[in-house]
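Colleague: Dropping the structure in here first, questions after.
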Amino acid sequence: MVSERVKVFDTMGMATDRLRSEFPDVEVIDASTSAPPADVQAEVLFGGWDDAKVLPLLEQGVRWIQLPGTGIDGVSPEVLDRVPIVTCARGASAIPISEYVLATMLAFEKGFPDFWLREPPATWNFQRMDTLAGKTVGIVGLGGIGTGVATRALAFGMTVRALRRTATPSPVPGVEVVTSLDELVGGAHHVVVAAPGTDRTRRMFDAPVFAAMTDGVHFVNIARGTLVDQDALRAALDSGRVVRASLDTVDPEPLPAGHWLYEHPKVFLTPHSSWASRDLVGAAVDIFCVNLRRYLDGEPLLHVVDVHEGY
């Protein structure tokens, strides 16, 4: 158990009020608008993405950074390499992102938005819609987001396969864990990318993987654009192998004006916003509060990041 009074730098301004209310014995320093004096020391920092704010504070006693998000690819190596402990808010965005994935899959099966009427149709009482029930979804990554997608897909009567880094059984009953990417995508009607962006996963969806997919597949990426060879994706879209690509992440971000992804008729693009919800800030702070309590009680922290692995 920590005996001295713990101090926390909040560089986001998201957690200050909550921490002061729930942890009266912790001194919380709001560093979101102005830098604290150089002689102020704090061992815990909530934030991590803004080098201009974070790097100077690392000289002021910081030993543990709690990131308010999941991925660490947006955090500079200079920050990650200088702090003994980094934890993330794994699972904070699982609900909105998994709902986004289900929305894209439902839109694909129901033919939205193409089936919205703008004039009287040739035939009333009929459109070529289908269902998720009975379809197969292959999910790459079975962390908080992947399990969220799997749980919701099972509720719609889908067959769910998943590929994960280890041979650990699925935390969700009813999910088949496969051992190769080809096995995952073969026969899948929907393929969902939910793995972290690391050197190991870079361009894992290349031309041979797209060739292994079933004709007419729906491809969804809510992970990182770097996992996909976008030239190979374009070829798969043009050939009809991939009928629709629902992309919330691309490479690079922001995507420059005039890029082909904006114009391709089979691409449904959103600006890396699948995480968005009114409760997301609260969910990230919830995770920090749990970890701060564990820190104060001398217990192991949750969601410790392996900086070298990249997640």
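All residue names refer to the structure tokens as shown: chains lettered A, B, ... in order, residues numbered from 1 in each chain, ligands numbered from 1 in order.
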Give the alpha helix (DSSP H) residues of stretch 195-254 of chain A, as assigned by DSSP on the backbone, as a VMD selection string.
Modeller: chain A and resid 207 to 212 230 to 239
Colleague: Can those selected residues be exported to a file as a JSON list (two decimals), in the first residue's frame so that it contains C-alpha atoms?
Modeller:
[["chain", "number", "residue", "atom", "x", "y", "z"],
["A", 207, "ALA", "CA", -3.18, -9.52, -51.99],
["A", 208, "PRO", "CA", -2.90, -13.24, -51.05],
["A", 209, "VAL", "CA", -5.25, -12.75, -48.07],
["A", 210, "PHE", "CA", -7.83, -10.92, -50.18],
["A", 211, "ALA", "CA", -7.51, -13.71, -52.76],
["A", 212, "ALA", "CA", -8.34, -16.24, -50.03],
["A", 230, "GLN", "CA", -4.80, -0.50, -49.66],
["A", 231, "ASP", "CA", -3.61, -1.19, -53.21],
["A", 232, "ALA", "CA", -4.55, -4.85, -52.70],
["A", 233, "LEU", "CA", -7.89, -3.78, -51.27],
["A", 234, "ARG", "CA", -8.54, -1.60, -54.29],
["A", 235, "ALA", "CA", -7.84, -4.52, -56.62],
["A", 236, "ALA", "CA", -10.18, -6.75, -54.57],
["A", 237, "LEU", "CA", -12.93, -4.11, -54.76],
["A", 238, "ASP", "CA", -12.51, -3.64, -58.50],
["A", 239, "SER", "CA", -12.60, -7.39, -59.13]]
Colleague: Could you pull the residues within 12 Å of stretch 285-291 of chain A, counting only C-alpha atoms, minus those fewer than 2 positions along the same chain, as a PyMOL selection string?
Modeller: chain A and resi 8+10+12-23+26+44-47+64-70+86-93+279-283+293-304
Colleague: Residues of stretch 92-154 of chain A within 7 Å of stretch 179-196 of chain A: nearest atom pair and distance (Å, one decimal) for each, counting only C-alpha atoms, sorted by chain and number, as a Markdown table?
Modeller:
| residue | atom | partner | partner_atom | distance |
| --- | --- | --- | --- | --- |
| A:Lys135 | CA | A:His189 | CA | 6.2 |
| A:Thr136 | CA | A:Ala188 | CA | 4.9 |
| A:Val137 | CA | A:His190 | CA | 4.7 |
| A:Gly138 | CA | A:Val191 | CA | 4.8 |
| A:Ile139 | CA | A:Val192 | CA | 4.8 |
| A:Val140 | CA | A:Val193 | CA | 5.0 |
| A:Gly141 | CA | A:Ala195 | CA | 4.4 |
| A:Ile145 | CA | A:Ala194 | CA | 6.6 |
| A:Gly146 | CA | A:Ala194 | CA | 5.8 |
Colleague: Output C-alpha atoms for every residue in the selection just made, as a compact mmCIF listing (two decimals), in the first residue's frame.
Modeller:
# COMPACT_ATOMS: atom_id res chain seq x y z
CA LYS A 135 -23.91 -15.65 -42.00
CA THR A 136 -20.29 -16.09 -40.91
CA VAL A 137 -18.12 -13.28 -39.55
CA GLY A 138 -14.37 -13.59 -39.17
CA ILE A 139 -12.83 -11.32 -36.55
CA VAL A 140 -9.11 -10.60 -36.39
CA GLY A 141 -8.34 -9.76 -32.77
CA ILE A 145 -13.54 -4.71 -29.21
CA GLY A 146 -13.37 -8.13 -30.86
Colleague: Kindly give the distance, in Å, that separates atom CA of A:Lys110 and atom CA of A:Thr131, rounded to a single decimal.
Modeller: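 According to the coordinates, atom CA of A:Lys110 and atom CA of A:Thr131 are separated by 7.1 Å.
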Colleague: I need the residue nearest A:Ala150 from this list: A:Gly197, A:Gly134, A:Gly174, A:Pro271. Use only C-alpha atoms for the distance.
Modeller: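 Selected residue with least distance to A:Ala150: A:Gly174.
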Colleague: If we count only C-alpha atoms, what is near A:Arg202 at a cut-off of 8 Å, once residues fewer than 5 positions away on the same chain are taken out, given as a list in words?
Modeller: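 So, after excluding close chain neighbours, the residues are Gly197, Thr226, Leu227 and Val228 of chain A.
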Colleague: May I have the residues from that selection written out with C-alpha atoms, as a tab-separated table (two decimals), in the first residue's frame?
Modeller:
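Written file, selection_34.tsv:
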chain	number	residue	atom	x	y	z
A	197	GLY	CA	-1.44	-1.72	-35.19
A	226	THR	CA	-1.67	0.19	-41.52
A	227	LEU	CA	-3.00	-3.37	-41.24
A	228	VAL	CA	-4.29	-3.20	-44.82
Colleague: Write out as a PyMOL selection string each polymer residue whose atoms come within 10 Å of A:Pro37, counting only C-alpha atoms; drop sequence neighbours fewer than 4 positions from it.
Modeller: chain A and resi 41+57+60
Colleague: Which of these residues is nearest to A:Leu269, using only C-alpha atoms: A:Asp248, A:Glu59, A:Asp25, A:Glu119?
Modeller: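 Closest to A:Leu269 of all the choices is A:Asp248.
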Colleague: My list of candidates is A:Gly240, A:Gly310, A:Gly148, A:Pro36. Which is closest to A:Pro96 when distances are computed with only C-alpha atoms?
Modeller: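 With only C-alpha atoms as the atom set, the closest residue is A:Gly148.
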Colleague: Env of A:Ser246: 9 Å cut, atoms = only C-alpha atoms, seq-sep filter 4 positions within chain, self excluded. Answer as JSON, numbers by chain.
Modeller: {"A": [101, 104, 105, 218, 219, 220, 221, 222, 266, 267, 268, 269, 270]}
Colleague: I need the strand (DSSP E or B) residues of stretch 61-238 of chain A per DSSP on the backbone, written as number ranges by chain.
Modeller: A: 64-66, 85-87, 136-140, 159-163, 175-178, 190-193, 205, 217-221, 228
Colleague: Just checking: using only C-alpha atoms, which residue out of A:Ala107, A:Leu142, A:Val242, A:Leu163 ends up closest to A:Asp130?
Modeller: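 The closest residue to A:Asp130 is A:Ala107.
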Colleague: With distances taken over only C-alpha atoms, which residue among A:Val54, A:Leu292, A:Trp49, A:Thr249 lies nearest A:Val28?
Modeller: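 With only C-alpha atoms as the atom set, the closest residue is A:Leu292.
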